[in-house]
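Okay, start12.pdb is below, PDB, C-alpha atoms, pLDDT in the B column:
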ATOM      1  CA  MET A 273      -4.419   2.011 -46.422  1.00 40.00           C
ATOM      2  CA  SER A 274      -5.156   4.555 -43.647  1.00 39.00           C
ATOM      3  CA  LEU A 275      -5.394   1.744 -41.062  1.00 34.00           C
ATOM      4  CA  ARG A 276      -1.893   0.611 -42.035  1.00 40.00           C
ATOM      5  CA  ILE A 277      -0.564   4.171 -41.590  1.00 36.00           C
ATOM      6  CA  PHE A 278      -2.267   4.340 -38.197  1.00 31.00           C
ATOM      7  CA  HIS A 279      -0.508   1.132 -37.076  1.00 33.00           C
ATOM      8  CA  ILE A 280       2.852   2.402 -38.325  1.00 35.00           C
ATOM      9  CA  CYS A 281       2.389   5.684 -36.448  1.00 36.00           C
ATOM     10  CA  LEU A 282       1.258   3.836 -33.330  1.00 30.00           C
ATOM     11  CA  GLY A 283       4.334   1.615 -33.544  1.00 36.00           C
ATOM     12  CA  ALA A 284       6.602   4.642 -33.905  1.00 35.00           C
ATOM     13  CA  VAL A 285       5.033   6.300 -30.867  1.00 32.00           C
ATOM     14  CA  MET A 286       5.447   3.101 -28.840  1.00 34.00           C
ATOM     15  CA  LEU A 287       9.116   2.901 -29.821  1.00 33.00           C
ATOM     16  CA  CYS A 288       9.612   6.477 -28.657  1.00 35.00           C
ATOM     17  CA  PHE A 289       8.143   5.631 -25.252  1.00 33.00           C
ATOM     18  CA  LEU A 290      10.290   2.536 -24.968  1.00 32.00           C
ATOM     19  CA  ALA A 291      13.405   4.519 -25.808  1.00 36.00           C
ATOM     20  CA  VAL A 292      12.821   7.078 -23.045  1.00 35.00           C
ATOM     21  CA  PRO A 293      14.554   5.923 -19.863  1.00 38.00           C
ATOM     22  CA  VAL A 294      12.282   5.341 -16.899  1.00 37.00           C
ATOM     23  CA  SER A 295      13.194   7.102 -13.686  1.00 42.00           C
ATOM     24  CA  ALA A 296      16.620   5.810 -12.836  1.00 47.00           C
ATOM     25  CA  GLN A 297      16.018   5.366  -9.137  1.00 62.00           C
ATOM     26  CA  GLU A 298      18.374   2.750  -7.781  1.00 75.00           C
ATOM     27  CA  VAL A 299      16.768  -0.170  -5.980  1.00 79.00           C
ATOM     28  CA  LYS A 300      18.744  -0.974  -2.860  1.00 87.00           C
ATOM     29  CA  ASP A 301      18.351  -4.536  -1.666  1.00 81.00           C
ATOM     30  CA  SER A 302      19.709  -5.995   1.571  1.00 76.00           C
ATOM     31  CA  TYR A 303      23.127  -6.692   0.106  1.00 68.00           C
ATOM     32  CA  TYR A 304      23.555  -3.056  -0.908  1.00 82.00           C
ATOM     33  CA  PHE A 305      23.558  -2.080   2.761  1.00 82.00           C
ATOM     34  CA  MET A 306      26.153  -4.658   3.845  1.00 81.00           C
ATOM     35  CA  LYS A 307      28.937  -2.675   2.134  1.00 75.00           C
ATOM     36  CA  ASP A 308      30.518  -5.778   0.576  1.00 71.00           C
ATOM     37  CA  ASP A 309      31.589  -7.381   3.857  1.00 78.00           C
ATOM     38  CA  GLY A 310      28.567  -9.712   4.117  1.00 76.00           C
ATOM     39  CA  GLU A 311      27.541  -8.425   7.554  1.00 81.00           C
ATOM     40  CA  PHE A 312      25.251  -5.713   8.859  1.00 86.00           C
ATOM     41  CA  SER A 313      26.600  -3.154  11.261  1.00 90.00           C
ATOM     42  CA  PRO A 314      24.027  -1.318  13.421  1.00 92.00           C
ATOM     43  CA  GLU A 315      24.510   1.759  11.212  1.00 93.00           C
ATOM     44  CA  GLU A 316      23.858  -0.266   8.057  1.00 92.00           C
ATOM     45  CA  LYS A 317      20.689  -1.703   9.614  1.00 94.00           C
ATOM     46  CA  ASP A 318      19.540   1.825  10.463  1.00 96.00           C
ATOM     47  CA  GLU A 319      20.326   2.979   6.926  1.00 95.00           C
ATOM     48  CA  GLU A 320      18.314   0.109   5.445  1.00 96.00           C
ATOM     49  CA  ALA A 321      15.371   0.837   7.769  1.00 97.00           C
ATOM     50  CA  GLN A 322      15.463   4.501   6.696  1.00 97.00           C
ATOM     51  CA  TYR A 323      15.418   3.367   3.063  1.00 97.00           C
ATOM     52  CA  ILE A 324      12.395   1.152   3.825  1.00 97.00           C
ATOM     53  CA  TYR A 325      10.644   4.154   5.389  1.00 98.00           C
ATOM     54  CA  GLU A 326      11.340   6.358   2.359  1.00 97.00           C
ATOM     55  CA  GLN A 327      10.185   3.700  -0.096  1.00 97.00           C
ATOM     56  CA  CYS A 328       6.966   3.187   1.880  1.00 97.00           C
ATOM     57  CA  GLU A 329       6.278   6.935   2.063  1.00 97.00           C
ATOM     58  CA  GLN A 330       6.726   7.255  -1.715  1.00 96.00           C
ATOM     59  CA  ASN A 331       4.353   4.357  -2.370  1.00 96.00           C
ATOM     60  CA  THR A 332       0.794   5.675  -2.275  1.00 94.00           C
ATOM     61  CA  PHE A 333      -0.619   2.217  -1.719  1.00 92.00           C
ATOM     62  CA  GLN A 334       1.698   1.248   1.162  1.00 95.00           C
ATOM     63  CA  SER A 335       1.424   4.593   2.922  1.00 96.00           C
ATOM     64  CA  LEU A 336      -2.375   4.491   2.720  1.00 95.00           C
ATOM     65  CA  PHE A 337      -2.605   1.049   4.285  1.00 94.00           C
ATOM     66  CA  PHE A 338       0.305   1.249   6.742  1.00 96.00           C
ATOM     67  CA  ASP A 339       2.129   3.675   9.021  1.00 96.00           C
ATOM     68  CA  CYS A 340       5.524   3.792   7.308  1.00 97.00           C
ATOM     69  CA  ALA A 341       7.442   4.762  10.446  1.00 97.00           C
ATOM     70  CA  CYS A 342       5.971   1.744  12.210  1.00 96.00           C
ATOM     71  CA  ILE A 343       6.858  -0.523   9.276  1.00 97.00           C
ATOM     72  CA  ALA A 344      10.434   0.805   9.216  1.00 98.00           C
ATOM     73  CA  GLY A 345      10.787   0.271  12.962  1.00 97.00           C
ATOM     74  CA  ALA A 346       9.375  -3.249  12.722  1.00 95.00           C
ATOM     75  CA  PHE A 347      11.704  -3.924   9.805  1.00 96.00           C
ATOM     76  CA  ARG A 348      14.691  -2.786  11.871  1.00 96.00           C
ATOM     77  CA  GLN A 349      13.672  -5.102  14.727  1.00 95.00           C
ATOM     78  CA  GLU A 350      13.309  -8.016  12.331  1.00 93.00           C
ATOM     79  CA  ARG A 351      16.672  -7.242  10.779  1.00 94.00           C
ATOM     80  CA  ASP A 352      18.255  -7.664  14.240  1.00 93.00           C
ATOM     81  CA  LYS A 353      16.695 -11.129  14.533  1.00 91.00           C
ATOM     82  CA  GLU A 354      17.072 -12.274  10.927  1.00 78.00           C
ATOM     83  CA  LYS A 355      20.356 -10.812   9.759  1.00 76.00           C
ATOM     84  CA  LEU A 356      20.605 -12.471   6.341  1.00 82.00           C
ATOM     85  CA  ILE A 357      16.957 -12.720   5.310  1.00 89.00           C
ATOM     86  CA  PRO A 358      16.435 -10.804   2.045  1.00 92.00           C
ATOM     87  CA  GLN A 359      14.745  -7.437   2.372  1.00 94.00           C
ATOM     88  CA  ALA A 360      11.785  -8.520   0.217  1.00 93.00           C
ATOM     89  CA  ASN A 361      11.079 -11.488   2.508  1.00 92.00           C
ATOM     90  CA  LEU A 362      11.089  -9.319   5.620  1.00 93.00           C
ATOM     91  CA  LEU A 363       8.813  -6.774   3.973  1.00 93.00           C
ATOM     92  CA  ASN A 364       6.445  -9.491   2.827  1.00 91.00           C
ATOM     93  CA  SER A 365       6.136 -10.715   6.386  1.00 90.00           C
ATOM     94  CA  LEU A 366       5.352  -7.190   7.566  1.00 92.00           C
ATOM     95  CA  PHE A 367       2.877  -6.274   4.817  1.00 91.00           C
ATOM     96  CA  GLU A 368       1.197  -9.626   4.276  1.00 86.00           C
ATOM     97  CA  GLU A 369       1.656 -12.011   7.170  1.00 74.00           C
ATOM     98  CA  ASP A 370       2.348 -10.239  10.459  1.00 58.00           C
ATOM     99  CA  ASN A 371      -0.893  -9.086  12.055  1.00 66.00           C
ATOM    100  CA  GLN A 372       0.423  -8.227  15.519  1.00 74.00           C
ATOM    101  CA  ARG A 373       2.548  -5.127  14.820  1.00 83.00           C
ATOM    102  CA  GLY A 374      -0.174  -2.514  14.962  1.00 89.00           C
ATOM    103  CA  CYS A 375       1.173  -0.741  11.874  1.00 94.00           C
ATOM    104  CA  ALA A 376      -2.187  -0.336  10.134  1.00 94.00           C
ATOM    105  CA  ASN A 377      -2.800   3.281   9.078  1.00 95.00           C
ATOM    106  CA  VAL A 378      -6.331   3.291  10.471  1.00 95.00           C
ATOM    107  CA  THR A 379      -6.880   7.040  10.108  1.00 96.00           C
ATOM    108  CA  ALA A 380      -5.882   7.130   6.432  1.00 95.00           C
ATOM    109  CA  MET A 381      -7.881   3.982   5.703  1.00 95.00           C
ATOM    110  CA  ALA A 382     -11.001   5.447   7.291  1.00 97.00           C
ATOM    111  CA  GLY A 383     -10.565   8.750   5.440  1.00 97.00           C
ATOM    112  CA  ASP A 384      -9.999   7.097   2.068  1.00 97.00           C
ATOM    113  CA  THR A 385     -12.963   4.760   2.569  1.00 98.00           C
ATOM    114  CA  TYR A 386     -15.146   7.675   3.636  1.00 98.00           C
ATOM    115  CA  LYS A 387     -14.288   9.602   0.442  1.00 98.00           C
ATOM    116  CA  PHE A 388     -15.029   6.511  -1.649  1.00 97.00           C
ATOM    117  CA  CYS A 389     -18.341   6.041   0.147  1.00 98.00           C
ATOM    118  CA  GLN A 390     -19.325   9.668  -0.442  1.00 97.00           C
ATOM    119  CA  SER A 391     -18.823   9.140  -4.183  1.00 97.00           C
ATOM    120  CA  PHE A 392     -20.752   5.899  -4.045  1.00 97.00           C
ATOM    121  CA  VAL A 393     -23.787   7.340  -2.269  1.00 97.00           C
ATOM    122  CA  LYS A 394     -24.060  10.235  -4.742  1.00 96.00           C
ATOM    123  CA  ALA A 395     -24.569   7.716  -7.524  1.00 96.00           C
ATOM    124  CA  HIS A 396     -26.313   4.826  -5.776  1.00 95.00           C
ATOM    125  CA  ARG A 397     -28.092   6.097  -2.654  1.00 95.00           C
ATOM    126  CA  GLN A 398     -29.357   9.479  -3.810  1.00 94.00           C
ATOM    127  CA  LYS A 399     -32.739   9.165  -2.125  1.00 94.00           C
ATOM    128  CA  GLU A 400     -31.435   7.964   1.226  1.00 95.00           C
ATOM    129  CA  LYS A 401     -31.463  10.511   4.060  1.00 94.00           C
ATOM    130  CA  ASN A 402     -28.811   8.827   6.215  1.00 96.00           C
ATOM    131  CA  ASN A 403     -25.823   8.770   3.857  1.00 97.00           C
ATOM    132  CA  GLU A 404     -23.559  10.666   6.237  1.00 97.00           C
ATOM    133  CA  GLN A 405     -24.177   8.141   9.003  1.00 97.00           C
ATOM    134  CA  TYR A 406     -23.879   5.293   6.489  1.00 98.00           C
ATOM    135  CA  CYS A 407     -20.477   6.458   5.220  1.00 98.00           C
ATOM    136  CA  GLU A 408     -19.185   6.983   8.752  1.00 98.00           C
ATOM    137  CA  CYS A 409     -20.223   3.423   9.569  1.00 98.00           C
ATOM    138  CA  VAL A 410     -18.573   2.048   6.416  1.00 98.00           C
ATOM    139  CA  ALA A 411     -15.323   3.965   6.981  1.00 98.00           C
ATOM    140  CA  ASN A 412     -15.032   3.013  10.644  1.00 98.00           C
ATOM    141  CA  THR A 413     -15.933  -0.626   9.990  1.00 98.00           C
ATOM    142  CA  VAL A 414     -13.337  -0.966   7.220  1.00 98.00           C
ATOM    143  CA  ALA A 415     -10.614   0.666   9.326  1.00 97.00           C
ATOM    144  CA  ARG A 416     -11.448  -1.429  12.393  1.00 96.00           C
ATOM    145  CA  ASN A 417     -11.541  -4.706  10.440  1.00 96.00           C
ATOM    146  CA  PHE A 418      -8.343  -3.872   8.555  1.00 95.00           C
ATOM    147  CA  ALA A 419      -6.543  -3.167  11.833  1.00 93.00           C
ATOM    148  CA  LYS A 420      -7.475  -6.652  13.062  1.00 92.00           C
ATOM    149  CA  LYS A 421      -5.787  -8.342  10.109  1.00 89.00           C
ATOM    150  CA  PRO A 422      -3.834  -5.884   7.934  1.00 92.00           C
ATOM    151  CA  ARG A 423      -2.731  -7.021   4.497  1.00 92.00           C
ATOM    152  CA  LEU A 424      -1.340  -5.071   1.559  1.00 92.00           C
ATOM    153  CA  SER A 425      -3.920  -6.164  -0.992  1.00 91.00           C
ATOM    154  CA  THR A 426      -6.468  -4.225  -3.014  1.00 91.00           C
ATOM    155  CA  ARG A 427      -8.629  -7.333  -3.282  1.00 94.00           C
ATOM    156  CA  PHE A 428      -8.661  -7.633   0.501  1.00 94.00           C
ATOM    157  CA  GLN A 429      -9.492  -3.929   0.845  1.00 94.00           C
ATOM    158  CA  GLU A 430     -12.319  -4.237  -1.679  1.00 96.00           C
ATOM    159  CA  SER A 431     -13.686  -7.214   0.227  1.00 97.00           C
ATOM    160  CA  LEU A 432     -13.606  -5.294   3.519  1.00 97.00           C
ATOM    161  CA  THR A 433     -15.361  -2.338   1.896  1.00 97.00           C
ATOM    162  CA  SER A 434     -18.074  -4.485   0.300  1.00 97.00           C
ATOM    163  CA  GLU A 435     -18.752  -6.298   3.561  1.00 98.00           C
ATOM    164  CA  ALA A 436     -18.920  -3.001   5.472  1.00 98.00           C
ATOM    165  CA  MET A 437     -21.291  -1.459   2.936  1.00 97.00           C
ATOM    166  CA  ILE A 438     -23.632  -4.422   3.229  1.00 97.00           C
ATOM    167  CA  SER A 439     -23.547  -4.594   7.033  1.00 97.00           C
ATOM    168  CA  CYS A 440     -23.887  -0.817   7.472  1.00 97.00           C
ATOM    169  CA  GLY A 441     -26.765  -0.796   4.978  1.00 95.00           C
ATOM    170  CA  LYS A 442     -28.604  -3.281   7.189  1.00 93.00           C
ATOM    171  CA  LYS A 443     -27.816  -1.434  10.450  1.00 89.00           C
ATOM    172  CA  ILE A 444     -28.718   2.062   9.344  1.00 80.00           C
TER     173      ILE A 444
END

Turn this file's structure into structure tokens for me.
Amino acid sequence: MSLRIFHICLGAVMLCFLAVPVSAQEVKDSYYFMKDDGEFSPEEKDEEAQYIYEQCEQNTFQSLFFDCACIAGAFRQERDKEKLIPQANLLNSLFEEDNQRGCANVTAMAGDTYKFCQSFVKAHRQKEKNNEQYCECVANTVARNFAKKPRLSTRFQESLTSEAMISCGKKI
């Protein structure tokens, strides 16, 4: 009987969470910025690029991997070329496909990887004397390799980190 009461209470709690509205931040797609005339003015393109910058800055994942000002600028340039391409398609090309922009946030990537490595060595390389040098190697290797082919993907980041940890472990 107590298990049944537990499930009823759990269900009631879940309903309460579902009833609470999630942050009502409006998503503004490409068509929002065209002001109902079906065309982008230079001001509307600038406004959309600013929106892209703000969204990137608020996204911990995007702002760690990429320089948001660079992404917004690249987005604005692409908007000039591809006037009616949906916003999501342009962003996908910038975050996933376009490796030549130089928008990788190398400094943040290196710092984040270094912090991760410091945690790792405390648990798994306690007896090693060269952990500082090892973590510097891992952080710099990940940042350098990410900059060569940036992609917004945790799996890709994990792969870069694993490869760097193995190669730096052999070097040092």

- Kindly give the distance, in Å, that separates CA of Ala436 in chain A and CA of Thr385 in chain A, rounded to a single decimal.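 Interatomic distance here is 10.2 Å.
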
- Query: What would the list of residues within 12 Å of (-2.8, 6.1, -1.7) (file frame) look like as a PyMOL selection string, if only C-alpha atoms are what count?
  - Reply: chain A and resi 328-338+377+380-381+383-385+424+426

- Item | Residues matched by the PyMOL selection byres ((chain A and resi 323) around 12) as a ChimeraX atom specification | /A:298-302,304-305,316-322,324-330,340-341,343-345,347-348,359

- On this structure, which residues satisfy the PyMOL selection byres ((chain A and resi 411) around 12), written as a PyMOL selection string? chain A and resi 378-390+403-410+412-418+429+432-437+439-440

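Taking CA of Phe367 in chain A and CA of Phe428 in chain A as the two end points, the separation is 12.4 Å.
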
- Item | Selected residue of minimal separation from Leu363 in chain A among A:Ala376, A:Ala346, A:Glu311, A:Ser391, counting all atoms listed in the file | A:Ala346

- Message: Just the number, please: distance in Å from CA of Leu356 in chain A to CA of Ser313 in chain A, one decimal.
- Response: 12.1 Å

- Expansion of the PyMOL selection byres ((chain A and resi 421) around 9) into residues, as an MDAnalysis selection string: chainID A and resid 369:372 376 417:420 422:423

- Task: For each of A:Ser431, A:Arg373, A:Pro358, A:Ser365, take the minimum atom-to-atom distance to Cys342 in chain A, counting all atoms listed in the file, then give the residue where this is smallest.
- Result: A:Arg373

To box range 411-429 of chain A, take all atoms listed in the file, fit an axis-aligned box, add 4 Å on each side, and give centre and edge lengths in Å to one decimal, as AutoDock Vina command-line options.
--center_x -8.6 --center_y -2.2 --center_z 4.9 --size_x 22.6 --size_y 20.3 --size_z 24.3
